Amino acid sequence: MNGHVKSMNFQQFMEQATTLLSLLLVMAVYSTRTVAASRNQQCGNPLQQTLKLSRLIQKETVDLIKTYKVSQGEMSELFCKVSVNNIPDPNISGMETSEKIVSIYTHLQDFLPHFNRVYDQQTDLQSSTSPLLTELNNVRARSINLAAHINNLYQSLFPNVPVPEPAGRPTTLPPPQNVFQQKVYGCVVLKTYKELLLNVSRELRILKSKMCTRRIQKKHFF
């Protein structure tokens, strides 16, 4: 009798253990798929939109530089080749993903006052119907939108951690300039900003490759 009872108890124990093991396996699979789904959102939503917008602005900036040169008259090809001080660095810094995204955001913010200065200067130099003013305004507006997208991307990857704002770092704008200096300054600002956008698009492509590769690997594993 005791042997029979022990056999039944052992059988019940094994059934419970099997049930518990199955439950743990289901929970593990669900947890991993939840992470994969999160990666899928990061890969497909804010990241894709931000990369698409950066490419659009990059293309528009190339067209803007062409329009700028045409509108400046003689010697316009030489304007972009002159060295100008206090233009923001177009290179992205940082080792970690979070540092690079913050660097992108900070650079976009640094360029905005220079864009505003170029727009104000060209408003004085161009007619009110000049296509240059329209293109400058469009790129400036999209750049503000891109900075907002970068902020959203950072929040999606690092929830509840705000993008660090530069602490008391004033943007250095040039002193009053003559007409020639204004034309040179505007061309160099646009050329350097185009370089920044190239770097931004490259960093976003690298991030997309990392995020989407992880998602595909997990999907194939299951």
# chains A, B, ... in the order shown; residues from 1 in each chain; ligands from 1
>>> residues_around(residues="range 74-82 of chain A", least_positions_apart="2", cutoff="10 Å", atoms="only C-alpha atoms", output="list in words")
Ile65, Lys66, Tyr68, Lys69, Val70, Ser71, Gln72, Val84, Phe180, Gln181, Gln182, Lys183, Val184, Tyr185, Gly186, Cys187, Val188, Val189, Leu190, Lys191 and Thr192 of chain A
>>> closest_atom_pairs(of="range 82-146 of chain A", to="range 44-55 of chain A", cutoff="12 Å", atoms="only C-alpha atoms", output="tab-separated table")
residue	atom	partner	partner_atom	distance
A:Ile101	CA	A:Leu47	CA	11.3
A:Ile104	CA	A:Ser54	CA	11.1
A:Tyr105	CA	A:Thr50	CA	11.8
A:Leu108	CA	A:Ser54	CA	11.1
A:Val139	CA	A:Ser54	CA	10.7
A:Ala141	CA	A:Leu53	CA	11.8
A:Arg142	CA	A:Leu53	CA	8.0
A:Ser143	CA	A:Ser54	CA	8.4
A:Ile144	CA	A:Leu53	CA	11.1
A:Asn145	CA	A:Leu53	CA	8.6
A:Leu146	CA	A:Leu53	CA	6.7
>>> write_last_selection(atoms="N, CA and C atoms", output="PDB file, in the first residue's frame")
ATOM      1  N   ILE A 101      23.516  59.870 -30.387  1.00  0.00           N
ATOM      2  CA  ILE A 101      22.225  60.520 -30.616  1.00  0.00           C
ATOM      3  C   ILE A 101      22.202  61.899 -29.970  1.00  0.00           C
ATOM      4  N   ILE A 104      24.170  64.233 -32.177  1.00  0.00           N
ATOM      5  CA  ILE A 104      23.378  64.648 -33.339  1.00  0.00           C
ATOM      6  C   ILE A 104      22.409  65.758 -32.946  1.00  0.00           C
ATOM      7  N   TYR A 105      21.700  65.539 -31.852  1.00  0.00           N
ATOM      8  CA  TYR A 105      20.713  66.523 -31.385  1.00  0.00           C
ATOM      9  C   TYR A 105      21.387  67.868 -31.088  1.00  0.00           C
ATOM     10  N   LEU A 108      22.462  69.730 -34.305  1.00  0.00           N
ATOM     11  CA  LEU A 108      21.310  70.339 -34.984  1.00  0.00           C
ATOM     12  C   LEU A 108      20.896  71.622 -34.270  1.00  0.00           C
ATOM     13  N   VAL A 139      14.289  74.352 -45.399  1.00  0.00           N
ATOM     14  CA  VAL A 139      15.317  73.526 -44.783  1.00  0.00           C
ATOM     15  C   VAL A 139      15.421  73.833 -43.287  1.00  0.00           C
ATOM     16  N   ALA A 141      12.997  74.866 -41.311  1.00  0.00           N
ATOM     17  CA  ALA A 141      11.834  74.267 -40.648  1.00  0.00           C
ATOM     18  C   ALA A 141      11.985  72.753 -40.520  1.00  0.00           C
ATOM     19  N   ARG A 142      12.454  72.105 -41.580  1.00  0.00           N
ATOM     20  CA  ARG A 142      12.649  70.655 -41.530  1.00  0.00           C
ATOM     21  C   ARG A 142      13.738  70.277 -40.527  1.00  0.00           C
ATOM     22  N   SER A 143      14.737  71.131 -40.385  1.00  0.00           N
ATOM     23  CA  SER A 143      15.818  70.856 -39.438  1.00  0.00           C
ATOM     24  C   SER A 143      15.310  70.889 -38.005  1.00  0.00           C
ATOM     25  N   ILE A 144      14.423  71.826 -37.727  1.00  0.00           N
ATOM     26  CA  ILE A 144      13.795  71.867 -36.403  1.00  0.00           C
ATOM     27  C   ILE A 144      12.990  70.593 -36.177  1.00  0.00           C
ATOM     28  N   ASN A 145      12.292  70.147 -37.219  1.00  0.00           N
ATOM     29  CA  ASN A 145      11.518  68.909 -37.141  1.00  0.00           C
ATOM     30  C   ASN A 145      12.434  67.702 -36.944  1.00  0.00           C
ATOM     31  N   LEU A 146      13.586  67.709 -37.607  1.00  0.00           N
ATOM     32  CA  LEU A 146      14.527  66.601 -37.457  1.00  0.00           C
ATOM     33  C   LEU A 146      15.051  66.527 -36.028  1.00  0.00           C
TER      34      LEU A 146
END
>>> closest_residue(among="A:Ser103, A:Ser127, A:Asn86, A:Gln122", to="Val179 in chain A", atoms="only C-alpha atoms")
A:Gln122
>>> closest_residue(among="A:Gln177, A:Arg117, A:Gln109, A:Ser98", to="Val161 in chain A", atoms="only C-alpha atoms")
A:Ser98
>>> residues_around(residues="Lys194 in chain A", least_positions_apart="3", cutoff="10 Å", atoms="only C-alpha atoms", output="list in words")
Ile57, Gln58, Lys59, Glu60, Thr61, Val62, Leu64, Ile65, Pro90, Val188, Val189, Leu190, Lys191, Leu197, Leu198, Asn199 and Val200 of chain A
>>> select_by_dssp(residues="range 39-140 of chain A", states="helix (DSSP H, G or I)", output="ChimeraX atom specification")
/A:39-44,46-71,76-79,97-125,131-140
>>> atom_distance(atom1="CA of Glu195 in chain A", atom2="CA of Asp89 in chain A")
9.3 Å
>>> atom_distance(atom1="CA of Arg202 in chain A", atom2="CA of Thr171 in chain A")
25.4 Å
>>> atom_distance(atom1="CA of Ala148 in chain A", atom2="CA of Phe111 in chain A")
14.2 Å
>>> closest_residue(among="A:Tyr154, A:Thr67, A:Asp110, A:Pro159", to="Thr134 in chain A", atoms="only C-alpha atoms")
A:Thr67
>>> decode(residues="range 40-68 of chain A", atoms="N, CA and C atoms", output="PDB file, in the first residue's frame")
ATOM      1  N   ASN A  40      11.372  45.670 -32.855  1.00  0.00           N
ATOM      2  CA  ASN A  40      10.693  45.886 -34.132  1.00  0.00           C
ATOM      3  C   ASN A  40      10.131  47.297 -34.199  1.00  0.00           C
ATOM      4  N   GLN A  41       9.550  47.771 -33.093  1.00  0.00           N
ATOM      5  CA  GLN A  41       9.019  49.128 -33.053  1.00  0.00           C
ATOM      6  C   GLN A  41      10.141  50.139 -33.231  1.00  0.00           C
ATOM      7  N   GLN A  42      11.268  49.928 -32.500  1.00  0.00           N
ATOM      8  CA  GLN A  42      12.381  50.846 -32.585  1.00  0.00           C
ATOM      9  C   GLN A  42      12.984  50.841 -33.985  1.00  0.00           C
ATOM     10  N   CYS A  43      13.000  49.659 -34.600  1.00  0.00           N
ATOM     11  CA  CYS A  43      13.569  49.530 -35.945  1.00  0.00           C
ATOM     12  C   CYS A  43      12.646  50.184 -36.972  1.00  0.00           C
ATOM     13  N   GLY A  44      11.355  50.019 -36.802  1.00  0.00           N
ATOM     14  CA  GLY A  44      10.454  50.400 -37.868  1.00  0.00           C
ATOM     15  C   GLY A  44       9.752  51.723 -37.714  1.00  0.00           C
ATOM     16  N   ASN A  45       9.720  52.290 -36.502  1.00  0.00           N
ATOM     17  CA  ASN A  45       8.887  53.463 -36.322  1.00  0.00           C
ATOM     18  C   ASN A  45       9.697  54.763 -36.252  1.00  0.00           C
ATOM     19  N   PRO A  46      10.124  55.208 -35.055  1.00  0.00           N
ATOM     20  CA  PRO A  46      10.830  56.492 -35.020  1.00  0.00           C
ATOM     21  C   PRO A  46      12.145  56.479 -35.784  1.00  0.00           C
ATOM     22  N   LEU A  47      12.831  55.345 -35.778  1.00  0.00           N
ATOM     23  CA  LEU A  47      14.120  55.269 -36.464  1.00  0.00           C
ATOM     24  C   LEU A  47      13.965  55.426 -37.974  1.00  0.00           C
ATOM     25  N   GLN A  48      13.008  54.704 -38.560  1.00  0.00           N
ATOM     26  CA  GLN A  48      12.772  54.795 -40.005  1.00  0.00           C
ATOM     27  C   GLN A  48      12.358  56.205 -40.398  1.00  0.00           C
ATOM     28  N   GLN A  49      11.479  56.798 -39.632  1.00  0.00           N
ATOM     29  CA  GLN A  49      10.998  58.150 -39.939  1.00  0.00           C
ATOM     30  C   GLN A  49      12.128  59.167 -39.857  1.00  0.00           C
ATOM     31  N   THR A  50      12.975  59.027 -38.830  1.00  0.00           N
ATOM     32  CA  THR A  50      14.080  59.965 -38.648  1.00  0.00           C
ATOM     33  C   THR A  50      15.090  59.839 -39.773  1.00  0.00           C
ATOM     34  N   LEU A  51      15.412  58.611 -40.159  1.00  0.00           N
ATOM     35  CA  LEU A  51      16.355  58.393 -41.254  1.00  0.00           C
ATOM     36  C   LEU A  51      15.798  58.948 -42.560  1.00  0.00           C
ATOM     37  N   LYS A  52      14.532  58.718 -42.803  1.00  0.00           N
ATOM     38  CA  LYS A  52      13.895  59.214 -44.026  1.00  0.00           C
ATOM     39  C   LYS A  52      13.933  60.744 -44.080  1.00  0.00           C
ATOM     40  N   LEU A  53      13.658  61.378 -42.936  1.00  0.00           N
ATOM     41  CA  LEU A  53      13.658  62.841 -42.889  1.00  0.00           C
ATOM     42  C   LEU A  53      15.069  63.389 -43.085  1.00  0.00           C
ATOM     43  N   SER A  54      16.068  62.748 -42.489  1.00  0.00           N
ATOM     44  CA  SER A  54      17.449  63.231 -42.635  1.00  0.00           C
ATOM     45  C   SER A  54      17.892  63.149 -44.093  1.00  0.00           C
ATOM     46  N   ARG A  55      17.486  62.088 -44.795  1.00  0.00           N
ATOM     47  CA  ARG A  55      17.834  61.961 -46.215  1.00  0.00           C
ATOM     48  C   ARG A  55      17.146  63.027 -47.046  1.00  0.00           C
ATOM     49  N   LEU A  56      15.897  63.330 -46.703  1.00  0.00           N
ATOM     50  CA  LEU A  56      15.163  64.362 -47.432  1.00  0.00           C
ATOM     51  C   LEU A  56      15.830  65.721 -47.270  1.00  0.00           C
ATOM     52  N   ILE A  57      16.199  66.060 -46.035  1.00  0.00           N
ATOM     53  CA  ILE A  57      16.847  67.358 -45.792  1.00  0.00           C
ATOM     54  C   ILE A  57      18.203  67.407 -46.464  1.00  0.00           C
ATOM     55  N   GLN A  58      18.890  66.296 -46.464  1.00  0.00           N
ATOM     56  CA  GLN A  58      20.193  66.217 -47.130  1.00  0.00           C
ATOM     57  C   GLN A  58      20.044  66.553 -48.614  1.00  0.00           C
ATOM     58  N   LYS A  59      19.047  65.957 -49.262  1.00  0.00           N
ATOM     59  CA  LYS A  59      18.803  66.236 -50.685  1.00  0.00           C
ATOM     60  C   LYS A  59      18.419  67.698 -50.888  1.00  0.00           C
ATOM     61  N   GLU A  60      17.553  68.203 -50.033  1.00  0.00           N
ATOM     62  CA  GLU A  60      17.117  69.592 -50.167  1.00  0.00           C
ATOM     63  C   GLU A  60      18.269  70.571 -49.925  1.00  0.00           C
ATOM     64  N   THR A  61      19.192  70.202 -49.051  1.00  0.00           N
ATOM     65  CA  THR A  61      20.337  71.067 -48.793  1.00  0.00           C
ATOM     66  C   THR A  61      21.265  71.130 -49.996  1.00  0.00           C
ATOM     67  N   VAL A  62      21.432  70.006 -50.690  1.00  0.00           N
ATOM     68  CA  VAL A  62      22.230  69.999 -51.926  1.00  0.00           C
ATOM     69  C   VAL A  62      21.612  70.964 -52.940  1.00  0.00           C
ATOM     70  N   ASP A  63      20.296  70.894 -53.098  1.00  0.00           N
ATOM     71  CA  ASP A  63      19.600  71.814 -54.020  1.00  0.00           C
ATOM     72  C   ASP A  63      19.699  73.254 -53.528  1.00  0.00           C
ATOM     73  N   LEU A  64      19.627  73.426 -52.209  1.00  0.00           N
ATOM     74  CA  LEU A  64      19.702  74.770 -51.630  1.00  0.00           C
ATOM     75  C   LEU A  64      21.056  75.423 -51.918  1.00  0.00           C
ATOM     76  N   ILE A  65      22.116  74.657 -51.809  1.00  0.00           N
ATOM     77  CA  ILE A  65      23.451  75.202 -52.083  1.00  0.00           C
ATOM     78  C   ILE A  65      23.552  75.650 -53.540  1.00  0.00           C
ATOM     79  N   LYS A  66      22.971  74.877 -54.444  1.00  0.00           N
ATOM     80  CA  LYS A  66      22.974  75.268 -55.861  1.00  0.00           C
ATOM     81  C   LYS A  66      22.224  76.586 -56.049  1.00  0.00           C
ATOM     82  N   THR A  67      21.057  76.693 -55.434  1.00  0.00           N
ATOM     83  CA  THR A  67      20.273  77.932 -55.535  1.00  0.00           C
ATOM     84  C   THR A  67      21.029  79.096 -54.906  1.00  0.00           C
ATOM     85  N   TYR A  68      21.693  78.830 -53.798  1.00  0.00           N
ATOM     86  CA  TYR A  68      22.453  79.877 -53.107  1.00  0.00           C
ATOM     87  C   TYR A  68      23.542  80.430 -54.010  1.00  0.00           C
TER      88      TYR A  68
END
